[in-house]
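Enquirer: One structure is given below, represented as structure tokens, and several questions about it will come after.
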Protein chains: 2
Amino acid sequence: MRYHKIPDEAVRRLPIYLRALLFSSEQGRNNISSRDLANFVGVNPWQIRKDFSYFGEFGTPGVGYNIEKLAKEIKKILKLDIIQKVALVGAGNLGSAVLAYTGFRIYGFDIAAAFDADPKKVGRKIKDIAIEAVSNLPTLRKRGINLAIIAVPRGAAQQTADALVKAGVKGILNFSPCYITVPKKVKVITIDIAMDLARLPYYMPAS
Amino acid sequence: MRYHKIPDEAVRRLPIYLRALLFSSEQGRNNISSRDLANFVGVNPWQIRKDFSYFGEFGTPGVGYNIEKLAKEIKKILKLDIIQKVALVGAGNLGSAVLAYTGFRIYGFDIAAAFDADPKKVGRKIKDIAIEAVSNLPTLRKRGINLAIIAVPRGAAQQTADALVKAGVKGILNFSPCYITVPKKVKVITIDIAMDLARLPYYMPAS
């Protein structure tokens with residue numbers, strides 16, 4: 001089954017639901033109502049039902065969702081039911097923070113390689129991962145690495161993306177504060193932490 | 001004018017529109033159609049028109065949006081038309097990356113203070129900001145700092161949030177991979193970089 005025409009926004013919310021489900025499961029729950037799930041995530045219950053409706057029928061009226069079943073289904077939709085290998089490019093402060101981040105495992109991600117342009121950093125180990133020269137990027141394809149995180153300075157972002165695409169990477173999480181251009185078959189998600197911060201003042205009471 | 005009942009999702013998109021407008025302005029453009037803006041941001045044109053409809057009428061049929069005027073209006077809605085001072089707590093790898101990040105300025109943010117629990121880090125300077133002891137957090141109120149970024153280890157996140165709330169902080173951007181509990185009047189946005197990564201495999205072609 002292919003899931004065409006699903007809005008990006010619905011896809012964006014699926015990992016949020018998944019995190020809430022995994023968290024509820026850890027707390028020993030078996031079922032969750034769409035209202036509880038909605039409260040947990042911060043959306044309306046109808047939004048959840050609408051998002052899920054793109055993919056099939058998951059809930060039972062009055063009983064709610066079976067957490068384990070729904071989590072499994074979402075993982076399958078998001079292709080997180082297999083271990084996904086990820087490469088990190090840029091082992092500066094941000095890249096090091098990414099390597100130290102423990103939250104990837106629950107989604108099935110394995111940060112399998114790290115690269116840096118600085119020869120002084122090559123060979124150093126961060127969290128058991130030896131940093132490689134960027135000239136090694138072409139090896140990604142044969143190592144089965146299809147995803148990459150870009151954490152290089154702004155000026156090096158586009159050339160990094162180009163090298164990743166050439167090496168067969170299909171999805172890029174970009175932390176450099178700039179737009180990068182890639183072929184249509186490659187998906188880029190750019191994270192701008194300032195943009196997340198930019199939502200906060202809206203909610204502050206007038207002073 | 002107060003903007004009640006605006007969905008969080010619409011508020012979330014406003015900074016994205018703002019970034020696109022500022023970028024288009026840099027490129028010397030004066031006007032932008034909702035279709036161009038939509039392409040830029042990756043949503044449907046009707047979504048943009050709907051989002052803006054919560055706040056008033058900004059576009060002229062056939063001419064599109066005046067970029068400068070719309071950017072100014074969005075800044076006002078988001079309360080980004082004044083400089084917002086921000087405190088950072090946690091000066092590890094991630095915190096240092098935040099301090100080095102140059103993207104805050106365009107939204108009017110001033111990272112005005114940084115704190116760390118490690119006495120060895122206190123007094124060090126990162127990008128002209130001297131790191132202070134967390135015991136200084138109660139000074140935030142009188143320094144006019146209402147926003148904070150939490151970049152501490154998971155185990156210290158809740159107590160950091162408690163100290164920030166006590167110091168009068170009204171908005172928190174949380175990078176610790178955990179839920180933190182705050183009074184209703186305080187807004188928390190939690191960033192989970194693994195969750196952003198979790199959207200990527202969905203878009204990858206079946207291999």
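Ordered as shown in the structure tokens, chains take letters A, B, and onward, while each chain numbers its residues from 1 and ligands are numbered from 1 in the order shown.
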Residues of chain A within 7 Å of chain B, using only C-alpha atoms, as a ChimeraX atom specification?
Expert: /A:11-12,15-16,77-79,93-94,96-97,103-104,107,170-171,173,177,187,194-195,197-204
Enquirer: Identify, with DSSP run on backbone atoms, the residues in stretch 2-50 of chain B assigned to alpha helix (DSSP H), and express the list as a PyMOL selection string.
Expert: chain B and resi 8-26+34-41+45-50
Enquirer: Choose the residue, out of A:Ile67, A:Asp81, A:Arg124, A:Ile145, that has the smallest atom-to-atom separation from A:Ile111; count only C-alpha atoms.
Expert: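 That would be A:Ile145, the residue with the smallest distance to A:Ile111.
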Enquirer: In stretch 8-164 of chain B, what's strand (DSSP E or B) per DSSP? Answer as a PDB file with N, CA and C atoms, in the first residue's frame?
Expert:
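Wrote result.pdb, looks like this:
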ATOM      1  N   ASN B  31       6.954  42.472  -3.693  1.00  0.00           N
ATOM      2  CA  ASN B  31       5.680  41.767  -3.554  1.00  0.00           C
ATOM      3  C   ASN B  31       5.884  40.270  -3.750  1.00  0.00           C
ATOM      4  N   ILE B  32       4.962  39.508  -3.176  1.00  0.00           N
ATOM      5  CA  ILE B  32       5.019  38.062  -3.379  1.00  0.00           C
ATOM      6  C   ILE B  32       3.587  37.520  -3.431  1.00  0.00           C
ATOM      7  N   GLY B  59      -3.501  40.726   1.791  1.00  0.00           N
ATOM      8  CA  GLY B  59      -3.155  40.636   0.369  1.00  0.00           C
ATOM      9  C   GLY B  59      -4.056  41.474  -0.520  1.00  0.00           C
ATOM     10  N   THR B  60      -3.565  41.782  -1.716  1.00  0.00           N
ATOM     11  CA  THR B  60      -4.365  42.469  -2.733  1.00  0.00           C
ATOM     12  C   THR B  60      -4.494  41.521  -3.917  1.00  0.00           C
ATOM     13  N   GLY B  64      -0.731  40.347  -4.912  1.00  0.00           N
ATOM     14  CA  GLY B  64      -0.089  39.543  -3.889  1.00  0.00           C
ATOM     15  C   GLY B  64       0.145  40.349  -2.629  1.00  0.00           C
ATOM     16  N   TYR B  65       1.091  39.887  -1.840  1.00  0.00           N
ATOM     17  CA  TYR B  65       1.365  40.536  -0.569  1.00  0.00           C
ATOM     18  C   TYR B  65       2.520  41.515  -0.712  1.00  0.00           C
ATOM     19  N   ASN B  66       2.368  42.679  -0.082  1.00  0.00           N
ATOM     20  CA  ASN B  66       3.506  43.581   0.055  1.00  0.00           C
ATOM     21  C   ASN B  66       4.419  42.993   1.132  1.00  0.00           C
ATOM     22  N   GLN B  84      13.643  40.871  22.080  1.00  0.00           N
ATOM     23  CA  GLN B  84      13.327  39.935  23.155  1.00  0.00           C
ATOM     24  C   GLN B  84      14.636  39.368  23.708  1.00  0.00           C
ATOM     25  N   LYS B  85      14.847  39.566  25.003  1.00  0.00           N
ATOM     26  CA  LYS B  85      16.050  39.018  25.630  1.00  0.00           C
ATOM     27  C   LYS B  85      15.839  37.563  26.034  1.00  0.00           C
ATOM     28  N   VAL B  86      16.865  36.766  25.802  1.00  0.00           N
ATOM     29  CA  VAL B  86      16.775  35.324  26.040  1.00  0.00           C
ATOM     30  C   VAL B  86      17.943  34.862  26.906  1.00  0.00           C
ATOM     31  N   ALA B  87      17.656  33.979  27.855  1.00  0.00           N
ATOM     32  CA  ALA B  87      18.714  33.356  28.648  1.00  0.00           C
ATOM     33  C   ALA B  87      18.920  31.924  28.192  1.00  0.00           C
ATOM     34  N   LEU B  88      20.177  31.498  28.176  1.00  0.00           N
ATOM     35  CA  LEU B  88      20.495  30.103  27.874  1.00  0.00           C
ATOM     36  C   LEU B  88      20.940  29.418  29.156  1.00  0.00           C
ATOM     37  N   VAL B  89      20.397  28.239  29.432  1.00  0.00           N
ATOM     38  CA  VAL B  89      20.876  27.468  30.583  1.00  0.00           C
ATOM     39  C   VAL B  89      21.466  26.162  30.070  1.00  0.00           C
ATOM     40  N   PHE B 109      15.886  38.500  18.445  1.00  0.00           N
ATOM     41  CA  PHE B 109      16.282  37.903  19.721  1.00  0.00           C
ATOM     42  C   PHE B 109      17.695  38.318  20.117  1.00  0.00           C
ATOM     43  N   ASP B 110      17.865  38.564  21.397  1.00  0.00           N
ATOM     44  CA  ASP B 110      19.174  38.894  21.945  1.00  0.00           C
ATOM     45  C   ASP B 110      19.481  37.878  23.049  1.00  0.00           C
ATOM     46  N   ILE B 111      20.410  36.960  22.753  1.00  0.00           N
ATOM     47  CA  ILE B 111      20.824  36.009  23.802  1.00  0.00           C
ATOM     48  C   ILE B 111      21.656  36.809  24.792  1.00  0.00           C
ATOM     49  N   ALA B 112      21.027  37.148  25.912  1.00  0.00           N
ATOM     50  CA  ALA B 112      21.591  38.156  26.812  1.00  0.00           C
ATOM     51  C   ALA B 112      22.339  37.568  27.991  1.00  0.00           C
ATOM     52  N   ALA B 113      22.157  36.268  28.249  1.00  0.00           N
ATOM     53  CA  ALA B 113      22.822  35.660  29.403  1.00  0.00           C
ATOM     54  C   ALA B 113      22.934  34.156  29.204  1.00  0.00           C
ATOM     55  N   ALA B 114      23.981  33.570  29.808  1.00  0.00           N
ATOM     56  CA  ALA B 114      24.166  32.118  29.744  1.00  0.00           C
ATOM     57  C   ALA B 114      24.558  31.602  31.119  1.00  0.00           C
ATOM     58  N   PHE B 115      24.043  30.436  31.461  1.00  0.00           N
ATOM     59  CA  PHE B 115      24.264  29.871  32.790  1.00  0.00           C
ATOM     60  C   PHE B 115      24.697  28.409  32.684  1.00  0.00           C
ATOM     61  N   ASP B 116      25.507  27.978  33.665  1.00  0.00           N
ATOM     62  CA  ASP B 116      25.863  26.563  33.713  1.00  0.00           C
ATOM     63  C   ASP B 116      26.070  26.148  35.168  1.00  0.00           C
ATOM     64  N   LYS B 125      34.011  32.814  28.601  1.00  0.00           N
ATOM     65  CA  LYS B 125      33.218  33.577  27.640  1.00  0.00           C
ATOM     66  C   LYS B 125      32.998  32.791  26.361  1.00  0.00           C
ATOM     67  N   ILE B 126      31.763  32.766  25.885  1.00  0.00           N
ATOM     68  CA  ILE B 126      31.459  32.219  24.566  1.00  0.00           C
ATOM     69  C   ILE B 126      30.769  33.317  23.786  1.00  0.00           C
ATOM     70  N   ILE B 129      29.708  36.345  25.671  1.00  0.00           N
ATOM     71  CA  ILE B 129      28.793  36.188  26.805  1.00  0.00           C
ATOM     72  C   ILE B 129      29.496  35.384  27.893  1.00  0.00           C
ATOM     73  N   ALA B 130      29.612  35.999  29.072  1.00  0.00           N
ATOM     74  CA  ALA B 130      30.267  35.318  30.183  1.00  0.00           C
ATOM     75  C   ALA B 130      29.276  34.370  30.853  1.00  0.00           C
ATOM     76  N   ILE B 131      29.699  33.133  31.038  1.00  0.00           N
ATOM     77  CA  ILE B 131      28.815  32.137  31.648  1.00  0.00           C
ATOM     78  C   ILE B 131      28.698  32.395  33.147  1.00  0.00           C
ATOM     79  N   GLU B 132      27.461  32.395  33.617  1.00  0.00           N
ATOM     80  CA  GLU B 132      27.181  32.659  35.021  1.00  0.00           C
ATOM     81  C   GLU B 132      26.772  31.380  35.745  1.00  0.00           C
ATOM     82  N   ALA B 133      26.905  31.414  37.069  1.00  0.00           N
ATOM     83  CA  ALA B 133      26.433  30.293  37.882  1.00  0.00           C
ATOM     84  C   ALA B 133      24.910  30.258  37.867  1.00  0.00           C
ATOM     85  N   LEU B 147      12.427  35.037  28.366  1.00  0.00           N
ATOM     86  CA  LEU B 147      12.506  33.807  27.572  1.00  0.00           C
ATOM     87  C   LEU B 147      13.780  33.052  27.937  1.00  0.00           C
ATOM     88  N   ALA B 148      13.719  31.730  27.842  1.00  0.00           N
ATOM     89  CA  ALA B 148      14.917  30.941  28.137  1.00  0.00           C
ATOM     90  C   ALA B 148      14.998  29.713  27.253  1.00  0.00           C
ATOM     91  N   ILE B 149      16.228  29.282  27.020  1.00  0.00           N
ATOM     92  CA  ILE B 149      16.503  28.047  26.289  1.00  0.00           C
ATOM     93  C   ILE B 149      17.139  27.065  27.260  1.00  0.00           C
ATOM     94  N   ILE B 150      16.557  25.874  27.370  1.00  0.00           N
ATOM     95  CA  ILE B 150      17.114  24.845  28.245  1.00  0.00           C
ATOM     96  C   ILE B 150      17.924  23.861  27.413  1.00  0.00           C
TER      97      ILE B 150
END
Enquirer: One number please: atom CA of B:Gly168 to atom CA of B:Leu99, in Å, one decimal.
Expert: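 Rounded to one decimal, the two atoms are 21.9 Å apart.
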Enquirer: Fewer than 6 positions away in the same chain doesn't count, so skip those; otherwise give me all residues within 8 Å of stretch 68-70 of chain B, counting only C-alpha atoms, as JSON, numbers by chain.
Expert: {"B": [21, 25, 30, 58]}
